[in-house]
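S.K.: Coordinates in final_27.txt, compact mmCIF, C-alpha atoms and all ligand atoms, are listed below.
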```txt
# COMPACT_ATOMS: atom_id res chain seq x y z
CA MET A 1 21.83 25.78 23.19
CA ARG A 2 18.97 25.22 25.64
CA ILE A 3 18.71 21.60 26.92
CA PRO A 4 15.88 20.89 29.40
CA PRO A 5 16.42 18.42 32.29
CA ARG A 6 13.39 16.37 31.27
CA VAL A 7 11.35 15.65 28.13
CA SER A 8 7.95 13.95 27.85
CA ILE A 9 7.63 11.41 25.05
CA VAL A 10 4.24 10.52 23.60
CA GLU A 11 4.62 7.01 22.16
CA VAL A 12 2.45 6.78 19.04
CA GLY A 13 3.73 3.47 17.64
CA PRO A 14 0.61 1.39 18.30
CA ARG A 15 -1.54 3.99 16.50
CA ASP A 16 0.42 6.11 14.01
CA GLY A 17 2.88 3.26 13.59
CA LEU A 18 0.51 0.39 12.96
CA GLN A 19 -2.21 2.29 11.04
CA ASN A 20 -0.05 2.26 7.95
CA GLU A 21 0.83 -1.45 8.01
CA LYS A 22 -0.76 -3.30 5.11
CA SER A 23 -1.16 -6.70 6.74
CA LEU A 24 -3.45 -6.93 9.76
CA ILE A 25 -1.66 -7.34 13.07
CA THR A 26 -3.54 -9.52 15.56
CA THR A 27 -5.21 -7.89 18.55
CA ALA A 28 -3.06 -10.04 20.88
CA ASP A 29 0.14 -8.75 19.27
CA LYS A 30 -1.06 -5.14 19.58
CA ILE A 31 -1.84 -5.70 23.27
CA ALA A 32 1.58 -7.26 23.88
CA PHE A 33 3.22 -4.31 22.06
CA VAL A 34 1.43 -1.74 24.26
CA ASP A 35 2.28 -3.69 27.43
CA HIS A 36 5.95 -3.87 26.44
CA LEU A 37 5.94 -0.12 25.80
CA SER A 38 4.54 0.61 29.26
CA ALA A 39 7.11 -1.81 30.74
CA ALA A 40 9.80 0.25 28.99
CA GLY A 41 8.73 3.26 31.05
CA HIS A 42 6.48 5.14 28.64
CA GLN A 43 4.11 7.44 30.52
CA THR A 44 1.85 8.24 27.54
CA ILE A 45 0.92 5.69 24.88
CA GLU A 46 -1.46 6.30 21.98
CA VAL A 47 -3.03 2.87 21.84
CA SER A 48 -5.36 3.00 18.85
CA ALA A 49 -7.92 5.06 16.91
CA PHE A 50 -11.71 4.98 17.06
CA VAL A 51 -11.93 6.03 13.42
CA SER A 52 -14.09 4.44 10.76
CA PRO A 53 -12.84 0.87 10.22
CA LYS A 54 -13.81 1.35 6.56
CA TRP A 55 -11.16 4.05 6.36
CA VAL A 56 -8.48 2.38 8.50
CA PRO A 57 -9.16 -1.35 8.93
CA GLN A 58 -6.01 -1.84 11.05
CA MET A 59 -7.59 0.24 13.86
CA GLY A 60 -10.88 -1.68 13.79
CA ASP A 61 -10.09 -3.54 17.01
CA ALA A 62 -9.49 -0.41 19.14
CA ALA A 63 -11.99 -1.46 21.82
CA GLU A 64 -10.55 -4.98 22.06
CA VAL A 65 -7.01 -3.61 22.40
CA PHE A 66 -8.09 -1.28 25.21
CA ALA A 67 -9.88 -4.18 26.91
CA GLY A 68 -6.77 -6.36 26.77
CA ILE A 69 -3.95 -4.07 27.90
CA ALA A 70 -2.63 -4.17 31.45
CA ARG A 71 -3.10 -0.58 32.57
CA ARG A 72 -0.17 0.54 34.70
CA PRO A 73 -0.95 3.19 37.29
CA GLY A 74 0.18 6.64 36.16
CA VAL A 75 0.38 5.73 32.48
CA ARG A 76 -1.91 7.67 30.12
CA TYR A 77 -3.46 5.48 27.42
CA THR A 78 -4.93 7.60 24.62
CA ALA A 79 -6.76 7.18 21.31
CA LEU A 80 -7.69 9.19 18.22
CA VAL A 81 -11.33 10.17 17.85
CA PRO A 82 -12.62 11.74 14.59
CA ASN A 83 -16.29 12.35 15.48
CA ARG A 84 -19.07 11.71 18.00
CA ALA A 85 -19.41 8.08 16.95
CA GLY A 86 -15.74 7.61 17.76
CA LEU A 87 -16.14 9.35 21.11
CA ALA A 88 -19.02 7.05 22.04
CA ARG A 89 -16.92 4.00 21.16
CA ALA A 90 -13.91 5.37 23.09
CA MET A 91 -15.96 6.09 26.20
CA ALA A 92 -17.58 2.65 26.06
CA ALA A 93 -14.04 1.22 26.00
CA GLY A 94 -13.13 3.15 29.16
CA VAL A 95 -10.80 5.62 27.45
CA THR A 96 -10.11 8.72 29.57
CA GLU A 97 -7.95 10.71 27.15
CA ILE A 98 -8.63 11.26 23.46
CA ALA A 99 -7.02 13.16 20.60
CA ILE A 100 -8.86 15.00 17.87
CA PHE A 101 -7.00 15.69 14.63
CA ALA A 102 -7.42 18.65 12.30
CA ALA A 103 -5.27 19.87 9.43
CA ALA A 104 -3.64 23.15 8.47
CA SER A 105 -4.28 22.54 4.75
CA GLU A 106 -7.68 22.07 3.10
CA THR A 107 -6.80 19.23 0.76
CA PHE A 108 -5.30 17.08 3.49
CA SER A 109 -8.34 17.74 5.68
CA GLN A 110 -10.59 16.50 2.86
CA ARG A 111 -8.47 13.41 2.16
CA ASN A 112 -8.03 12.46 5.80
CA LEU A 113 -11.43 13.35 7.25
CA ASN A 114 -13.71 13.85 4.24
CA HIS A 115 -14.42 17.32 5.63
CA SER A 116 -13.16 20.87 5.13
CA ILE A 117 -11.14 22.42 7.95
CA ASP A 118 -14.16 24.46 9.05
CA ALA A 119 -16.49 21.45 9.00
CA SER A 120 -14.01 19.33 10.97
CA LEU A 121 -13.63 22.04 13.62
CA LEU A 122 -17.41 22.36 13.91
CA ALA A 123 -17.69 18.61 14.50
CA TYR A 124 -14.77 18.70 16.94
CA ALA A 125 -16.47 21.48 18.94
CA GLU A 126 -19.25 19.01 19.73
CA VAL A 127 -16.81 16.16 20.41
CA CYS A 128 -14.76 18.36 22.77
CA ALA A 129 -17.78 19.70 24.61
CA ASP A 130 -19.09 16.18 25.21
CA ALA A 131 -15.67 14.76 26.12
CA LEU A 132 -14.77 17.58 28.51
CA ALA A 133 -18.21 17.40 30.16
CA ALA A 134 -17.59 13.69 30.75
CA GLY A 135 -14.22 14.46 32.36
CA LEU A 136 -11.98 13.27 29.51
CA LYS A 137 -8.77 15.04 28.51
CA VAL A 138 -8.56 16.09 24.87
CA ARG A 139 -5.38 16.57 22.84
CA GLY A 140 -5.48 18.37 19.50
CA TYR A 141 -3.32 17.30 16.58
CA LEU A 142 -2.69 19.68 13.75
CA SER A 143 -1.39 18.03 10.56
CA THR A 144 0.60 19.48 7.65
CA CYS A 145 2.12 22.27 9.74
CA PHE A 146 5.40 22.28 7.82
CA GLY A 147 4.03 21.47 4.37
CA CYS A 148 1.21 19.55 2.70
CA PRO A 149 1.63 16.58 0.35
CA TYR A 150 -1.11 18.04 -1.89
CA GLU A 151 -0.66 21.81 -1.57
CA GLY A 152 3.05 22.28 -0.81
CA ALA A 153 4.04 25.15 1.49
CA VAL A 154 1.79 26.02 4.43
CA ALA A 155 2.25 29.47 6.00
CA PRO A 156 3.04 29.60 9.73
CA SER A 157 0.22 32.15 10.10
CA GLN A 158 -2.23 29.58 8.71
CA VAL A 159 -0.89 26.95 11.16
CA ALA A 160 -1.21 29.40 14.05
CA GLY A 161 -4.78 30.32 13.11
CA ILE A 162 -5.98 26.72 13.21
CA ALA A 163 -3.90 25.95 16.33
CA ARG A 164 -5.71 28.83 18.03
CA ARG A 165 -9.10 27.41 17.02
CA LEU A 166 -8.13 23.99 18.41
CA TRP A 167 -6.90 25.58 21.63
CA ASP A 168 -10.16 27.52 21.95
CA LEU A 169 -12.05 24.19 21.84
CA GLY A 170 -10.46 23.30 25.20
CA VAL A 171 -7.67 20.90 24.22
CA PHE A 172 -4.89 20.67 26.82
CA GLU A 173 -2.11 20.35 24.24
CA VAL A 174 -1.67 21.05 20.54
CA ALA A 175 0.55 18.58 18.67
CA ILE A 176 2.10 20.49 15.78
CA SER A 177 2.62 17.76 13.20
CA ASP A 178 4.89 17.25 10.22
CA THR A 179 2.70 14.67 8.50
CA THR A 180 5.03 13.76 5.64
CA GLY A 181 8.40 14.56 7.21
CA VAL A 182 9.20 17.64 5.14
CA ALA A 183 10.21 19.89 8.05
CA HIS A 184 13.75 21.12 8.47
CA PRO A 185 15.23 22.88 11.51
CA GLY A 186 15.12 26.27 9.80
CA GLN A 187 11.30 26.12 9.83
CA VAL A 188 10.87 25.15 13.46
CA PRO A 189 11.37 28.56 15.15
CA ALA A 190 9.01 30.38 12.76
CA VAL A 191 6.20 27.84 13.23
CA LEU A 192 6.68 27.81 17.02
CA GLU A 193 6.73 31.60 17.23
CA ALA A 194 3.49 31.83 15.26
CA VAL A 195 1.73 29.10 17.27
CA THR A 196 2.84 30.33 20.70
CA ALA A 197 1.15 33.67 20.05
CA PHE A 198 -2.02 31.71 20.90
CA VAL A 199 -1.00 28.45 22.63
CA PRO A 200 1.29 28.47 25.70
CA LEU A 201 4.67 26.95 24.86
CA THR A 202 4.29 24.40 27.69
CA GLN A 203 1.16 23.07 25.93
CA VAL A 204 2.79 22.63 22.51
CA ALA A 205 4.06 19.21 21.44
CA LEU A 206 5.89 18.41 18.23
CA HIS A 207 5.10 15.37 16.07
CA PHE A 208 7.75 14.71 13.45
CA HIS A 209 7.82 12.06 10.77
CA ASP A 210 11.31 11.21 9.57
CA THR A 211 10.88 10.80 5.83
CA ARG A 212 13.89 12.95 4.97
CA GLY A 213 16.04 12.21 8.01
CA THR A 214 15.52 15.64 9.58
CA ALA A 215 13.38 14.69 12.59
CA LEU A 216 16.16 14.61 15.22
CA ALA A 217 17.58 17.87 13.93
CA ASN A 218 14.09 19.36 14.22
CA VAL A 219 13.85 18.12 17.82
CA LEU A 220 17.13 19.85 18.67
CA ALA A 221 15.86 23.09 17.16
CA ALA A 222 12.63 22.74 19.15
CA LEU A 223 14.48 21.96 22.42
CA ASP A 224 16.44 25.15 21.93
CA HIS A 225 13.12 26.94 21.57
CA GLY A 226 11.88 25.47 24.89
CA VAL A 227 9.60 22.63 23.71
CA THR A 228 9.61 19.64 26.07
CA THR A 229 7.00 17.23 24.60
CA PHE A 230 7.71 15.12 21.51
CA ASP A 231 5.84 12.32 19.76
CA SER A 232 7.73 9.33 18.41
CA SER A 233 7.08 5.73 17.51
CA ALA A 234 8.91 2.59 18.56
CA GLY A 235 11.25 1.40 15.86
CA GLY A 236 10.23 4.31 13.62
CA LEU A 237 6.99 2.61 12.59
CA GLY A 238 4.46 4.80 10.93
CA GLY A 239 2.94 6.90 8.23
CA CYS A 240 -0.49 8.11 7.25
CA PRO A 241 -2.56 6.17 4.68
CA PHE A 242 -3.97 9.46 3.38
CA ALA A 243 -0.65 11.27 3.00
CA PRO A 244 1.33 9.99 0.02
CA GLY A 245 5.01 9.81 0.85
CA ALA A 246 4.53 9.76 4.62
CA ALA A 247 7.17 7.49 6.09
CA GLY A 248 7.63 6.48 9.69
CA ASN A 249 7.52 8.73 12.70
CA LEU A 250 10.68 9.79 14.42
CA ALA A 251 11.91 6.54 15.99
CA THR A 252 11.61 6.52 19.79
CA GLU A 253 14.94 4.65 20.08
CA ASP A 254 16.74 7.34 18.10
CA LEU A 255 15.12 10.08 20.18
CA VAL A 256 15.88 8.37 23.52
CA TYR A 257 19.46 7.63 22.45
CA MET A 258 20.03 11.30 21.66
CA LEU A 259 18.30 12.56 24.81
CA ASP A 260 20.16 10.03 27.01
CA GLY A 261 23.38 11.35 25.51
CA LEU A 262 22.38 14.92 26.27
CA GLY A 263 21.56 13.97 29.87
CA VAL A 264 17.83 14.61 29.37
CA GLU A 265 15.57 12.40 31.46
CA THR A 266 12.70 10.64 29.61
CA GLY A 267 11.85 7.74 31.92
CA VAL A 268 12.17 5.36 28.95
CA ASP A 269 14.59 2.43 29.17
CA LEU A 270 16.27 1.95 25.80
CA GLY A 271 16.87 -1.78 26.24
CA ARG A 272 13.25 -2.50 27.14
CA LEU A 273 12.06 -0.27 24.32
CA VAL A 274 14.13 -2.32 21.87
CA ALA A 275 12.40 -5.45 23.19
CA ALA A 276 9.01 -3.85 22.39
CA SER A 277 10.11 -2.93 18.88
CA ARG A 278 11.54 -6.39 18.21
CA LEU A 279 8.30 -7.97 19.37
CA ILE A 280 6.23 -6.02 16.84
CA GLU A 281 8.88 -6.22 14.11
CA ALA A 282 8.54 -10.01 14.20
CA GLN A 283 4.91 -9.57 13.06
CA LEU A 284 5.74 -7.30 10.11
CA ASP A 285 6.89 -8.10 6.61
CA HIS A 286 9.72 -5.56 6.79
CA THR A 287 12.43 -4.38 9.16
CA LEU A 288 11.97 -1.25 11.23
CA PRO A 289 13.75 1.92 10.13
CA SER A 290 15.10 3.12 13.50
CA ARG A 291 18.81 3.78 13.04
CA TYR A 292 19.54 2.84 16.65
CA LEU A 293 17.69 -0.45 16.22
CA GLN A 294 19.61 -1.21 13.05
CA SER A 295 22.92 -0.39 14.74
CA ILE A 296 22.41 -3.15 17.30
CA ALA A 297 20.99 -5.75 14.86
P1 LIG B 301 -17.17 9.57 6.15
O1 LIG B 301 -17.15 8.43 5.18
O2 LIG B 301 -17.41 10.95 5.63
O3 LIG B 301 -18.14 9.31 7.39
O4 LIG B 301 -15.78 9.55 6.94
P2 LIG B 301 -19.62 8.87 7.51
O5 LIG B 301 -20.14 9.59 8.71
O6 LIG B 301 -20.34 9.01 6.20
O7 LIG B 301 -19.46 7.32 7.88
C1 LIG B 301 -19.07 6.34 6.95
C2 LIG B 301 -19.20 4.98 7.63
O8 LIG B 301 -18.26 4.87 8.70
C3 LIG B 301 -20.56 4.76 8.27
O9 LIG B 301 -20.80 3.39 8.22
C4 LIG B 301 -20.36 5.20 9.69
O10 LIG B 301 -21.25 4.58 10.60
C5 LIG B 301 -18.94 4.71 9.95
P3 LIG B 301 -21.89 2.77 7.17
O11 LIG B 301 -23.17 3.51 7.44
O12 LIG B 301 -21.32 3.07 5.80
O13 LIG B 301 -21.90 1.31 7.54
N1 LIG B 301 -18.25 5.52 10.95
C6 LIG B 301 -17.62 5.01 12.01
N2 LIG B 301 -17.49 3.74 12.46
C7 LIG B 301 -16.77 3.57 13.60
N3 LIG B 301 -16.18 4.60 14.27
C8 LIG B 301 -16.30 5.86 13.85
C9 LIG B 301 -17.05 6.11 12.67
N4 LIG B 301 -17.36 7.22 11.99
C10 LIG B 301 -18.08 6.85 10.94
N5 LIG B 301 -15.72 6.84 14.51
C11 LIG B 301 -14.56 9.88 8.99
C12 LIG B 301 -15.51 10.50 7.96
C13 LIG B 301 -14.06 11.01 9.86
C14 LIG B 301 -15.33 8.86 9.82
C15 LIG B 301 -13.40 9.19 8.24
O14 LIG B 301 -12.87 10.11 7.34
C16 LIG B 301 -12.33 8.69 9.15
O15 LIG B 301 -12.52 7.80 9.95
N6 LIG B 301 -11.11 9.27 9.02
C17 LIG B 301 -9.97 8.89 9.82
C18 LIG B 301 -8.76 8.81 8.96
C19 LIG B 301 -7.56 8.41 9.78
O16 LIG B 301 -7.67 7.65 10.74
N7 LIG B 301 -6.35 8.90 9.39
C20 LIG B 301 -5.14 8.58 10.05
C21 LIG B 301 -5.01 9.22 11.39
S1 LIG B 301 -4.56 10.95 11.31
C22 LIG B 301 -2.81 10.95 11.17
O17 LIG B 301 -2.22 9.92 10.99
C23 LIG B 301 -2.09 12.25 11.35
C24 LIG B 301 -1.43 12.38 12.74
O18 LIG B 301 -0.54 11.31 12.99
C25 LIG B 301 -0.66 13.70 12.80
C26 LIG B 301 0.29 13.89 11.60
O19 LIG B 301 1.27 13.13 11.45
O20 LIG B 301 -0.01 14.81 10.80
C27 LIG B 301 -2.48 12.41 13.86
MG MG B 302 1.50 11.21 12.32
```
Any chance you could put this one into structure tokens?

M.R.:
Amino acid sequence: MRIPPRVSIVEVGPRDGLQNEKSLITTADKIAFVDHLSAAGHQTIEVSAFVSPKWVPQMGDAAEVFAGIARRPGVRYTALVPNRAGLARAMAAGVTEIAIFAAASETFSQRNLNHSIDASLLAYAEVCADALAAGLKVRGYLSTCFGCPYEGAVAPSQVAGIARRLWDLGVFEVAISDTTGVAHPGQVPAVLEAVTAFVPLTQVALHFHDTRGTALANVLAALDHGVTTFDSSAGGLGGCPFAPGAAGNLATEDLVYMLDGLGVETGVDLGRLVAASRLIEAQLDHTLPSRYLQSIA
């Protein structure tokens, strides 16, 4: 099988990971978490989300977190932005890279954004135009690409059609996302083939949740297909408050352990990453699901 020499990891723990935690984590703990993640060698960290705090209270301190982190040169610190109000807040906080997030299924789009797919893409066209004009980089997430918690199966052609519309907005990368961790390796080639008809393979990232324990197997299938960018979250934190059954993201420790074993460079130091996960785990009312983390408990 095809194994690349290097893989880029997008660490989404502080955003996708913490957004689903019921009890509020302090801003100071979030800042320390992000700083430990950059110390572990992460080159891209999704720090927070400038979404409505009425919808996701845990992300309400996005600006304060950005103000408190120690920005390491060369590290990209990113944030979710759902609309123009979010973009204004992100720019005021000095954010230089944002991510917009659309869905491949109508019901999830409504539940997550209170908008249809078409309405969300119309709003994102304005967000992208403004962000790009201001010199920001914009990533585009696409949720429910392997199945929807409300609608079930989602056709690869539907995924590809929305991925194309995101790409046409000027995003530099499309993150094909398995929101509730239903994907299995048999689906990965078909979805990638459909999407790469419109988006260059080098600009496709994969974002797996690990609800059913298939995330690492999906990564292997995607590596074989030539994908070299993967999202994961420290300790396997995560889930989406608007996707019933969404468990944690693929754990970064589990991903790095596998890639280290395969001789794939990631730049992430497993020992330092564990320190970051332990730091945030101490603030939670549960243990983290990463299998690697549990193996060294
Ligand atoms: P809405 O209720 O239709 O929006 O929500 P609205 O425009 O009517 O605004 C409602 C209130 O929120 C107003 O305040 C606005 O000012 C305020 P009020 O007048 O009632 O006092 N508001 C904001 N405040 C701060 N920042 C903002 C903002 N926007 C509005 N940006 C909206 C529409 C898009 C805002 C809402 O649906 C929302 O914020 N959704 C985000 C949901 C979310 O964060 N989901 C989780 C992240 S996505 C994910 O996890 C999937 C991913 O990981 C990939 C995968 O795994 O699939 C990326
Ligand atoms: Mg997610």

S.K.: Write out as an MDAnalysis selection string each polymer residue (protein, DNA or RNA) that has an atom no more than 7 Å from ligand MG 302 (chain B), with only C-alpha atoms and all ligand atoms counted.

M.R.: chainID A and resid 16 177 179 207 209 239:240 249

S.K.: Step by step: start from the point (9.6, 10.3, 29.8) in the file's coordinates, keep every protein, DNA or RNA residue that has an atom no farther than 7 Å from it, count all atoms listed in the file, and write the set as a list in words.

M.R.: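 The distance filter leaves exactly Val7, Ser8, Ile9, His42, Gln43, Glu265, Thr266, Gly267 and Val268 of chain A.
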
S.K.: Quick one: of A:Gly236, A:Gly245, A:Gly94, A:Pro156, who's nearest to Leu288 of chain A, counting all atoms listed in the file?

M.R.: A:Gly236

S.K.: Would you list the residues that come within 8 Å of ligand LIG 301 (chain B)? Count all atoms listed in the file and give the answer as a ChimeraX atom specification.

M.R.: /A:16,19,49-56,60,80-87,89,100-101,103,111-115,141-145,175-180,207-209,239-242,249

S.K.: Pick the closest to Cys128 of chain A from A:Met59, A:Leu169, A:Ala221, A:Ile45: which is it, counting all atoms listed in the file?

M.R.: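 The closest residue to Cys128 of chain A is A:Leu169.
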
S.K.: Check the smallest atom-to-atom distance from each of A:Glu151, A:Glu64, A:Asp231, A:Glu46 to Ala99 of chain A using all atoms listed in the file, then report the winner.

M.R.: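 Of A:Glu151, A:Glu64, A:Asp231, A:Glu46, the one nearest Ala99 of chain A is A:Glu46, counting all atoms listed in the file.
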
S.K.: Just how far from atom CA of Ala234 of chain A is atom CA of Ala246 of chain A, in Å to one decimal?

M.R.: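 Atom CA of Ala246 of chain A sits 16.3 Å away from atom CA of Ala234 of chain A.
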
S.K.: Could you tell me how far atom CA of Glu21 of chain A lies from atom CA of Ser38 of chain A, in Å and to one decimal?

M.R.: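 Straight-line distance from atom CA of Glu21 of chain A to atom CA of Ser38 of chain A works out to 21.7 Å.
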
S.K.: Tell me, in Å to one decimal, how far atom CA of Val95 of chain A is from atom CA of Ile280 of chain A.

M.R.: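 It comes out at 23.2 Å.
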
S.K.: Rank A:Gln203, A:Gln294, A:Ser23, A:Ser105 by their smallest atom-to-atom distance to Gly147 of chain A, using only C-alpha atoms, and report the top residue only.

M.R.: A:Ser105

S.K.: Could you work out an axis-aligned box for segment 144-156 of chain A, taking every atom the file lists and adding 6 Å on each side, and report centre and edge lengths in Å to one decimal, as AutoDock Vina command-line options?

M.R.:
```
--center_x 2.1 --center_y 23.1 --center_z 3.9 --size_x 18.5 --size_y 25.0 --size_z 23.6
```

S.K.: May I ask which of the residues A:Ile25, A:Ala297, A:Leu255, A:Ala70 is the closest one to Leu284 of chain A, counting only C-alpha atoms?

M.R.: A:Ile25

S.K.: Smallest atom-to-atom distance to Ala217 of chain A: which of A:Pro5, A:Gly181, A:Gly248, A:Pro200, using all atoms listed in the file?

M.R.: A:Gly181

S.K.: Just the residues within 7 Å of Leu201 of chain A, please, counting all atoms listed in the file, with nothing from its chain fewer than 3 positions along; format it as a PyMOL selection string.

M.R.: chain A and resi 196+204+227

S.K.: Contacts of Ile296 of chain A at 12 Å or less, counting all atoms listed in the file, minus same-chain residues fewer than 5 places along, as a list in words?

M.R.: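 The filter keeps Glu253, Asp254, Leu270, Gly271, Val274, Ala275, Arg278, Ser290 and Arg291 of chain A.
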
S.K.: Take the point (-11.4, 23.1, 6.4) as written in the file and pick out every residue within 9 Å of it, counting all atoms listed in the file; give the list as a list in words.

M.R.: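 Answer for this query, in the requested form: Ala102, Ala103, Ala104, Ser105, Glu106, Thr107, Ser109, Gln110, His115, Ser116, Ile117, Asp118, Ala119, Ser120 and Leu121 of chain A.
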
S.K.: Provide segment 142-150 of chain A rebuilt to all heavy atoms, formatted as an mmCIF file, in the coordinates of the input.

M.R.:
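Generated output (out_31.cif):
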```
data_model
loop_
_atom_site.group_PDB
_atom_site.id
_atom_site.type_symbol
_atom_site.label_atom_id
_atom_site.label_comp_id
_atom_site.auth_asym_id
_atom_site.auth_seq_id
_atom_site.Cartn_x
_atom_site.Cartn_y
_atom_site.Cartn_z
ATOM 1 N N LEU A 142 -2.549 18.846 14.930
ATOM 2 C CA LEU A 142 -2.690 19.680 13.750
ATOM 3 C C LEU A 142 -1.695 19.184 12.699
ATOM 4 O O LEU A 142 -0.481 19.262 12.894
ATOM 5 C CB LEU A 142 -2.443 21.153 14.105
ATOM 6 C CG LEU A 142 -2.724 22.155 12.995
ATOM 7 C CD1 LEU A 142 -4.126 21.981 12.419
ATOM 8 C CD2 LEU A 142 -2.559 23.578 13.511
ATOM 9 N N SER A 143 -2.228 18.618 11.619
ATOM 10 C CA SER A 143 -1.390 18.030 10.560
ATOM 11 C C SER A 143 -0.912 19.090 9.571
ATOM 12 O O SER A 143 -1.444 20.199 9.522
ATOM 13 C CB SER A 143 -2.202 16.983 9.781
ATOM 14 O OG SER A 143 -2.418 15.836 10.559
ATOM 15 N N THR A 144 0.043 18.689 8.776
ATOM 16 C CA THR A 144 0.600 19.480 7.650
ATOM 17 C C THR A 144 1.078 20.869 8.059
ATOM 18 O O THR A 144 0.922 21.831 7.313
ATOM 19 C CB THR A 144 -0.409 19.584 6.466
ATOM 20 O OG1 THR A 144 -1.634 20.206 6.915
ATOM 21 C CG2 THR A 144 -0.721 18.235 5.878
ATOM 22 N N CYS A 145 1.678 20.964 9.246
ATOM 23 C CA CYS A 145 2.120 22.270 9.740
ATOM 24 C C CYS A 145 3.403 22.772 9.093
ATOM 25 O O CYS A 145 3.756 23.949 9.215
ATOM 26 C CB CYS A 145 2.326 22.209 11.260
ATOM 27 S SG CYS A 145 0.784 21.998 12.156
ATOM 28 N N PHE A 146 4.130 21.869 8.444
ATOM 29 C CA PHE A 146 5.400 22.280 7.820
ATOM 30 C C PHE A 146 5.356 22.100 6.304
ATOM 31 O O PHE A 146 6.350 22.287 5.621
ATOM 32 C CB PHE A 146 6.565 21.476 8.418
ATOM 33 C CG PHE A 146 6.752 21.728 9.893
ATOM 34 C CD1 PHE A 146 6.049 20.986 10.839
ATOM 35 C CD2 PHE A 146 7.623 22.712 10.339
ATOM 36 C CE1 PHE A 146 6.208 21.223 12.201
ATOM 37 C CE2 PHE A 146 7.791 22.955 11.701
ATOM 38 C CZ PHE A 146 7.085 22.211 12.636
ATOM 39 N N GLY A 147 4.193 21.698 5.798
ATOM 40 C CA GLY A 147 4.030 21.470 4.370
ATOM 41 C C GLY A 147 2.987 20.388 4.162
ATOM 42 O O GLY A 147 2.770 19.539 5.032
ATOM 43 N N CYS A 148 2.311 20.479 2.994
ATOM 44 C CA CYS A 148 1.210 19.550 2.700
ATOM 45 C C CYS A 148 1.566 18.710 1.477
ATOM 46 O O CYS A 148 2.081 19.258 0.504
ATOM 47 C CB CYS A 148 -0.063 20.357 2.440
ATOM 48 S SG CYS A 148 -1.431 19.376 1.793
ATOM 49 N N PRO A 149 1.287 17.406 1.510
ATOM 50 C CA PRO A 149 1.630 16.580 0.350
ATOM 51 C C PRO A 149 0.830 16.949 -0.902
ATOM 52 O O PRO A 149 1.235 16.598 -2.015
ATOM 53 C CB PRO A 149 1.287 15.158 0.810
ATOM 54 C CG PRO A 149 0.328 15.325 1.941
ATOM 55 C CD PRO A 149 0.679 16.630 2.593
ATOM 56 N N TYR A 150 -0.274 17.657 -0.738
ATOM 57 C CA TYR A 150 -1.110 18.040 -1.890
ATOM 58 C C TYR A 150 -0.921 19.502 -2.289
ATOM 59 O O TYR A 150 -1.031 19.849 -3.455
ATOM 60 C CB TYR A 150 -2.592 17.802 -1.562
ATOM 61 C CG TYR A 150 -2.882 16.380 -1.160
ATOM 62 C CD1 TYR A 150 -3.114 16.058 0.182
ATOM 63 C CD2 TYR A 150 -2.907 15.345 -2.094
ATOM 64 C CE1 TYR A 150 -3.370 14.748 0.569
ATOM 65 C CE2 TYR A 150 -3.160 14.037 -1.715
ATOM 66 C CZ TYR A 150 -3.393 13.747 -0.381
ATOM 67 O OH TYR A 150 -3.637 12.449 -0.004
#
```
